Amino acid sequence: MIAHKPMEAAPAAAVGEFHERPVAPALRTVFAAVWSHRMPEAAAPPVIVTPDGTIDLQWIGGALRIAGPDKEPQTEIIPAGTEIIGFRFHPGAAHAWLGLPVSEITSRRVALEDLWGVRARRLAKSIRDAADIERALLADRVEHPSGDMVMHAAFTLIMQGAPAGVALIPWLARALQMSERSLRRRFDENFGYGPKTLDRILRYQRFLSLRRTSPKVPTALLALDAGYSDQAHLVRESRRLTGLTPAAKAPYPAR
């Protein structure tokens with residue numbers, strides 16, 4: 001018998017097809033976008049999912065799940081031909097919509113039924129295929145509370161980057177007019193980790209964005225523009241967040 005070598009994990013962007021579009025207007029207070037990722041019909045390798053500071057409601061394998069905020073790269077084995085439909089929460093929206101601190105699902109994939117019980121089963125019953133998901137969420141819209149707009153603002157500030165030489169947490173606390181203790185608590189509730197972790201994740205997202213828009217600029221210069229101290233700093237963080245060096249093809253920011 002010939003032993004087949006297991007397939008090596010690959011960045012999510014290198015596997016299958018990915019598409020993204022806006023959600024229906026009535027859902028836009030909660031969800032930023034809806035995306036689909038279809039695995040190839042042939043054997044698909046395990047996929048590496050990179051932390052990007054977001055949380056998704058996903059339809060996969062005929063069931064709804066929550067992909068919590070990741071602190072480190074996640075490797076998932078998804079059957080060939082599977083299509084994943086994802087609804088990406090706005091920053092600060094998942095905590096209110098789910099009704100629990102996001103820190104409880106950090107770096108986890110959790111069945112919505114395990115969180116909501118009967119309500120999740122009722123929602124899932126109305127879904128026969130991918131086209132039904134948005135209609136089901138629209139029918140359930142009375143249960144969609146507004147997100148934490150202060151934390152949405154915090155996400156935007158960190159994405160833009162703190163001023164050079166300024167300590168992150170005191171700067172954020174001043175900008176948002178809250179105590180550092182309250183800031184950390186609200187971050188745990190809404191993002192699943194603290195400001196410094198989100199800052200590391202979004203700094204890497206800034207680098208990816210710069211590389212997409214300026215592919216001919218040397219990596220060392222892009223690293224400085226993104227907020228890294230030097231290229232070596234970027235390489236360390238890339239390995240920490242993706243398991244890969246920046247020279248490898250980077251995953252897109254979706255699960």
# chains A, B, ... in the order shown; residues from 1 in each chain; ligands from 1
>>> closest_atom_pairs(of="stretch 131-237 of chain A", to="stretch 54-67 of chain A", cutoff="12 Å", atoms="only C-alpha atoms", output="JSON lines")
{"residue": "A:Ala131", "atom": "CA", "partner": "A:Trp59", "partner_atom": "CA", "distance": 10.8}
{"residue": "A:Asp132", "atom": "CA", "partner": "A:Trp59", "partner_atom": "CA", "distance": 10.5}
{"residue": "A:Ile133", "atom": "CA", "partner": "A:Trp59", "partner_atom": "CA", "distance": 7.9}
{"residue": "A:Glu134", "atom": "CA", "partner": "A:Trp59", "partner_atom": "CA", "distance": 10.8}
{"residue": "A:Ala136", "atom": "CA", "partner": "A:Leu64", "partner_atom": "CA", "distance": 11.7}
{"residue": "A:Leu137", "atom": "CA", "partner": "A:Leu57", "partner_atom": "CA", "distance": 10.7}
{"residue": "A:His152", "atom": "CA", "partner": "A:Thr54", "partner_atom": "CA", "distance": 11.5}
{"residue": "A:Phe155", "atom": "CA", "partner": "A:Thr54", "partner_atom": "CA", "distance": 10.2}
{"residue": "A:Asn190", "atom": "CA", "partner": "A:Ile55", "partner_atom": "CA", "distance": 9.8}
{"residue": "A:Phe191", "atom": "CA", "partner": "A:Thr54", "partner_atom": "CA", "distance": 7.9}
{"residue": "A:Gly192", "atom": "CA", "partner": "A:Ile55", "partner_atom": "CA", "distance": 9.8}
{"residue": "A:Tyr193", "atom": "CA", "partner": "A:Thr54", "partner_atom": "CA", "distance": 11.8}
{"residue": "A:Leu198", "atom": "CA", "partner": "A:Thr54", "partner_atom": "CA", "distance": 9.9}
{"residue": "A:Ile201", "atom": "CA", "partner": "A:Thr54", "partner_atom": "CA", "distance": 10.1}
{"residue": "A:Leu202", "atom": "CA", "partner": "A:Thr54", "partner_atom": "CA", "distance": 10.1}
{"residue": "A:Gln205", "atom": "CA", "partner": "A:Thr54", "partner_atom": "CA", "distance": 11.3}
>>> select_by_dssp(residues="stretch 80-110 of chain A", states="alpha helix (DSSP H)", output="JSON, numbers by chain")
{"A": [94, 95, 96, 97, 98]}
>>> residues_around(residues="A:Asp188", least_positions_apart="3", cutoff="10 Å", atoms="only C-alpha atoms", output="JSON, numbers by chain")
{"A": [95, 101, 102, 103, 104, 106, 182, 183, 184, 185, 191, 192, 193, 194, 195]}
>>> residues_around(residues="stretch 162-173 of chain A", least_positions_apart="5", cutoff="12 Å", atoms="only C-alpha atoms", output="MDAnalysis selection string")
chainID A and resid 150:151 153:157 178:187 194:200 202:203 224:229
>>> closest_residue(among="A:Val34, A:Val23, A:Ala12, A:Ala94", to="A:Gly147", atoms="only C-alpha atoms")
A:Ala94
>>> atom_distance(atom1="atom CA of A:Glu8", atom2="atom CA of A:Gln74")
13.8 Å
>>> closest_residue(among="A:Gln177, A:Leu98, A:Arg38, A:Ala43", to="A:Leu115", atoms="only C-alpha atoms")
A:Leu98
>>> atom_distance(atom1="atom CA of A:Pro51", atom2="atom CA of A:Tyr204")
9.3 Å
>>> closest_residue(among="A:Ala175, A:Met159, A:Val110, A:Leu138", to="A:Pro25", atoms="only C-alpha atoms")
A:Leu138
>>> decode(residues="stretch 135-171 of chain A", atoms="N, CA and C atoms", output="mmCIF file, in the first residue's frame")
data_model
loop_
_atom_site.group_PDB
_atom_site.id
_atom_site.type_symbol
_atom_site.label_atom_id
_atom_site.label_comp_id
_atom_site.auth_asym_id
_atom_site.auth_seq_id
_atom_site.Cartn_x
_atom_site.Cartn_y
_atom_site.Cartn_z
ATOM 1 N N ARG A 135 -32.351 36.293 3.863
ATOM 2 C CA ARG A 135 -33.775 36.428 4.140
ATOM 3 C C ARG A 135 -34.098 36.042 5.577
ATOM 4 N N ALA A 136 -33.432 34.998 6.083
ATOM 5 C CA ALA A 136 -33.663 34.574 7.466
ATOM 6 C C ALA A 136 -33.202 35.634 8.455
ATOM 7 N N LEU A 137 -32.069 36.252 8.170
ATOM 8 C CA LEU A 137 -31.561 37.298 9.058
ATOM 9 C C LEU A 137 -32.456 38.535 9.002
ATOM 10 N N LEU A 138 -32.996 38.828 7.826
ATOM 11 C CA LEU A 138 -33.906 39.966 7.705
ATOM 12 C C LEU A 138 -35.190 39.713 8.491
ATOM 13 N N ALA A 139 -35.693 38.478 8.451
ATOM 14 C CA ALA A 139 -36.895 38.146 9.202
ATOM 15 C C ALA A 139 -36.653 38.226 10.703
ATOM 16 N N ASP A 140 -35.391 38.036 11.109
ATOM 17 C CA ASP A 140 -35.019 38.059 12.525
ATOM 18 C C ASP A 140 -34.516 39.434 12.950
ATOM 19 N N ARG A 141 -34.712 40.458 12.087
ATOM 20 C CA ARG A 141 -34.064 41.758 12.313
ATOM 21 C C ARG A 141 -34.502 42.449 13.602
ATOM 22 N N VAL A 142 -35.681 42.111 14.140
ATOM 23 C CA VAL A 142 -36.116 42.760 15.384
ATOM 24 C C VAL A 142 -35.171 42.427 16.532
ATOM 25 N N GLU A 143 -34.368 41.366 16.328
ATOM 26 C CA GLU A 143 -33.432 40.947 17.375
ATOM 27 C C GLU A 143 -32.033 41.498 17.138
ATOM 28 N N HIS A 144 -31.892 42.482 16.244
ATOM 29 C CA HIS A 144 -30.578 43.012 15.909
ATOM 30 C C HIS A 144 -30.331 44.339 16.631
ATOM 31 N N PRO A 145 -29.755 44.308 17.829
ATOM 32 C CA PRO A 145 -29.485 45.565 18.538
ATOM 33 C C PRO A 145 -28.319 46.319 17.915
ATOM 34 N N SER A 146 -28.261 47.609 18.201
ATOM 35 C CA SER A 146 -27.147 48.423 17.701
ATOM 36 C C SER A 146 -25.853 48.012 18.398
ATOM 37 N N GLY A 147 -24.745 48.162 17.692
ATOM 38 C CA GLY A 147 -23.449 47.825 18.265
ATOM 39 C C GLY A 147 -22.897 48.933 19.136
ATOM 40 N N ASP A 148 -21.719 48.689 19.655
ATOM 41 C CA ASP A 148 -21.037 49.643 20.521
ATOM 42 C C ASP A 148 -20.261 50.618 19.638
ATOM 43 N N MET A 149 -20.820 51.807 19.444
ATOM 44 C CA MET A 149 -20.220 52.762 18.520
ATOM 45 C C MET A 149 -18.891 53.313 19.040
ATOM 46 N N VAL A 150 -18.723 53.338 20.360
ATOM 47 C CA VAL A 150 -17.444 53.791 20.913
ATOM 48 C C VAL A 150 -16.345 52.800 20.537
ATOM 49 N N MET A 151 -16.663 51.511 20.605
ATOM 50 C CA MET A 151 -15.675 50.504 20.226
ATOM 51 C C MET A 151 -15.456 50.477 18.712
ATOM 52 N N HIS A 152 -16.476 50.817 17.969
ATOM 53 C CA HIS A 152 -16.288 50.972 16.522
ATOM 54 C C HIS A 152 -15.285 52.095 16.256
ATOM 55 N N ALA A 153 -15.424 53.187 17.010
ATOM 56 C CA ALA A 153 -14.482 54.306 16.863
ATOM 57 C C ALA A 153 -13.077 53.890 17.289
ATOM 58 N N ALA A 154 -12.984 53.075 18.345
ATOM 59 C CA ALA A 154 -11.679 52.592 18.805
ATOM 60 C C ALA A 154 -10.997 51.764 17.718
ATOM 61 N N PHE A 155 -11.769 50.900 17.062
ATOM 62 C CA PHE A 155 -11.231 50.085 15.970
ATOM 63 C C PHE A 155 -10.682 50.983 14.859
ATOM 64 N N THR A 156 -11.456 52.008 14.501
ATOM 65 C CA THR A 156 -11.024 52.924 13.443
ATOM 66 C C THR A 156 -9.736 53.646 13.818
ATOM 67 N N LEU A 157 -9.637 54.094 15.075
ATOM 68 C CA LEU A 157 -8.425 54.780 15.528
ATOM 69 C C LEU A 157 -7.205 53.871 15.442
ATOM 70 N N ILE A 158 -7.363 52.632 15.859
ATOM 71 C CA ILE A 158 -6.228 51.701 15.827
ATOM 72 C C ILE A 158 -5.876 51.341 14.385
ATOM 73 N N MET A 159 -6.872 51.189 13.548
ATOM 74 C CA MET A 159 -6.591 50.896 12.146
ATOM 75 C C MET A 159 -5.779 52.022 11.507
ATOM 76 N N GLN A 160 -6.087 53.254 11.880
ATOM 77 C CA GLN A 160 -5.342 54.399 11.341
ATOM 78 C C GLN A 160 -3.940 54.465 11.928
ATOM 79 N N GLY A 161 -3.764 53.981 13.151
ATOM 80 C CA GLY A 161 -2.467 53.963 13.804
ATOM 81 C C GLY A 161 -2.283 55.089 14.796
ATOM 82 N N ALA A 162 -1.720 54.769 15.955
ATOM 83 C CA ALA A 162 -1.441 55.790 16.968
ATOM 84 C C ALA A 162 -0.303 56.693 16.501
ATOM 85 N N PRO A 163 -0.274 57.929 16.961
ATOM 86 C CA PRO A 163 0.850 58.814 16.616
ATOM 87 C C PRO A 163 2.181 58.195 17.043
ATOM 88 N N ALA A 164 3.211 58.448 16.286
ATOM 89 C CA ALA A 164 4.535 57.888 16.585
ATOM 90 C C ALA A 164 4.989 58.296 17.980
ATOM 91 N N GLY A 165 5.512 57.323 18.720
ATOM 92 C CA GLY A 165 6.065 57.593 20.043
ATOM 93 C C GLY A 165 5.043 57.752 21.147
ATOM 94 N N VAL A 166 3.767 57.530 20.866
ATOM 95 C CA VAL A 166 2.705 57.693 21.860
ATOM 96 C C VAL A 166 2.279 56.321 22.374
ATOM 97 N N ALA A 167 2.152 56.171 23.703
ATOM 98 C CA ALA A 167 1.706 54.910 24.288
ATOM 99 C C ALA A 167 0.254 54.653 23.893
ATOM 100 N N LEU A 168 -0.019 53.455 23.385
ATOM 101 C CA LEU A 168 -1.308 53.148 22.780
ATOM 102 C C LEU A 168 -2.487 53.301 23.744
ATOM 103 N N ILE A 169 -2.432 52.636 24.892
ATOM 104 C CA ILE A 169 -3.613 52.578 25.765
ATOM 105 C C ILE A 169 -3.955 53.943 26.363
ATOM 106 N N PRO A 170 -3.001 54.696 26.914
ATOM 107 C CA PRO A 170 -3.349 56.043 27.391
ATOM 108 C C PRO A 170 -3.894 56.941 26.281
ATOM 109 N N TRP A 171 -3.330 56.820 25.076
ATOM 110 C CA TRP A 171 -3.814 57.617 23.941
ATOM 111 C C TRP A 171 -5.260 57.273 23.608
#
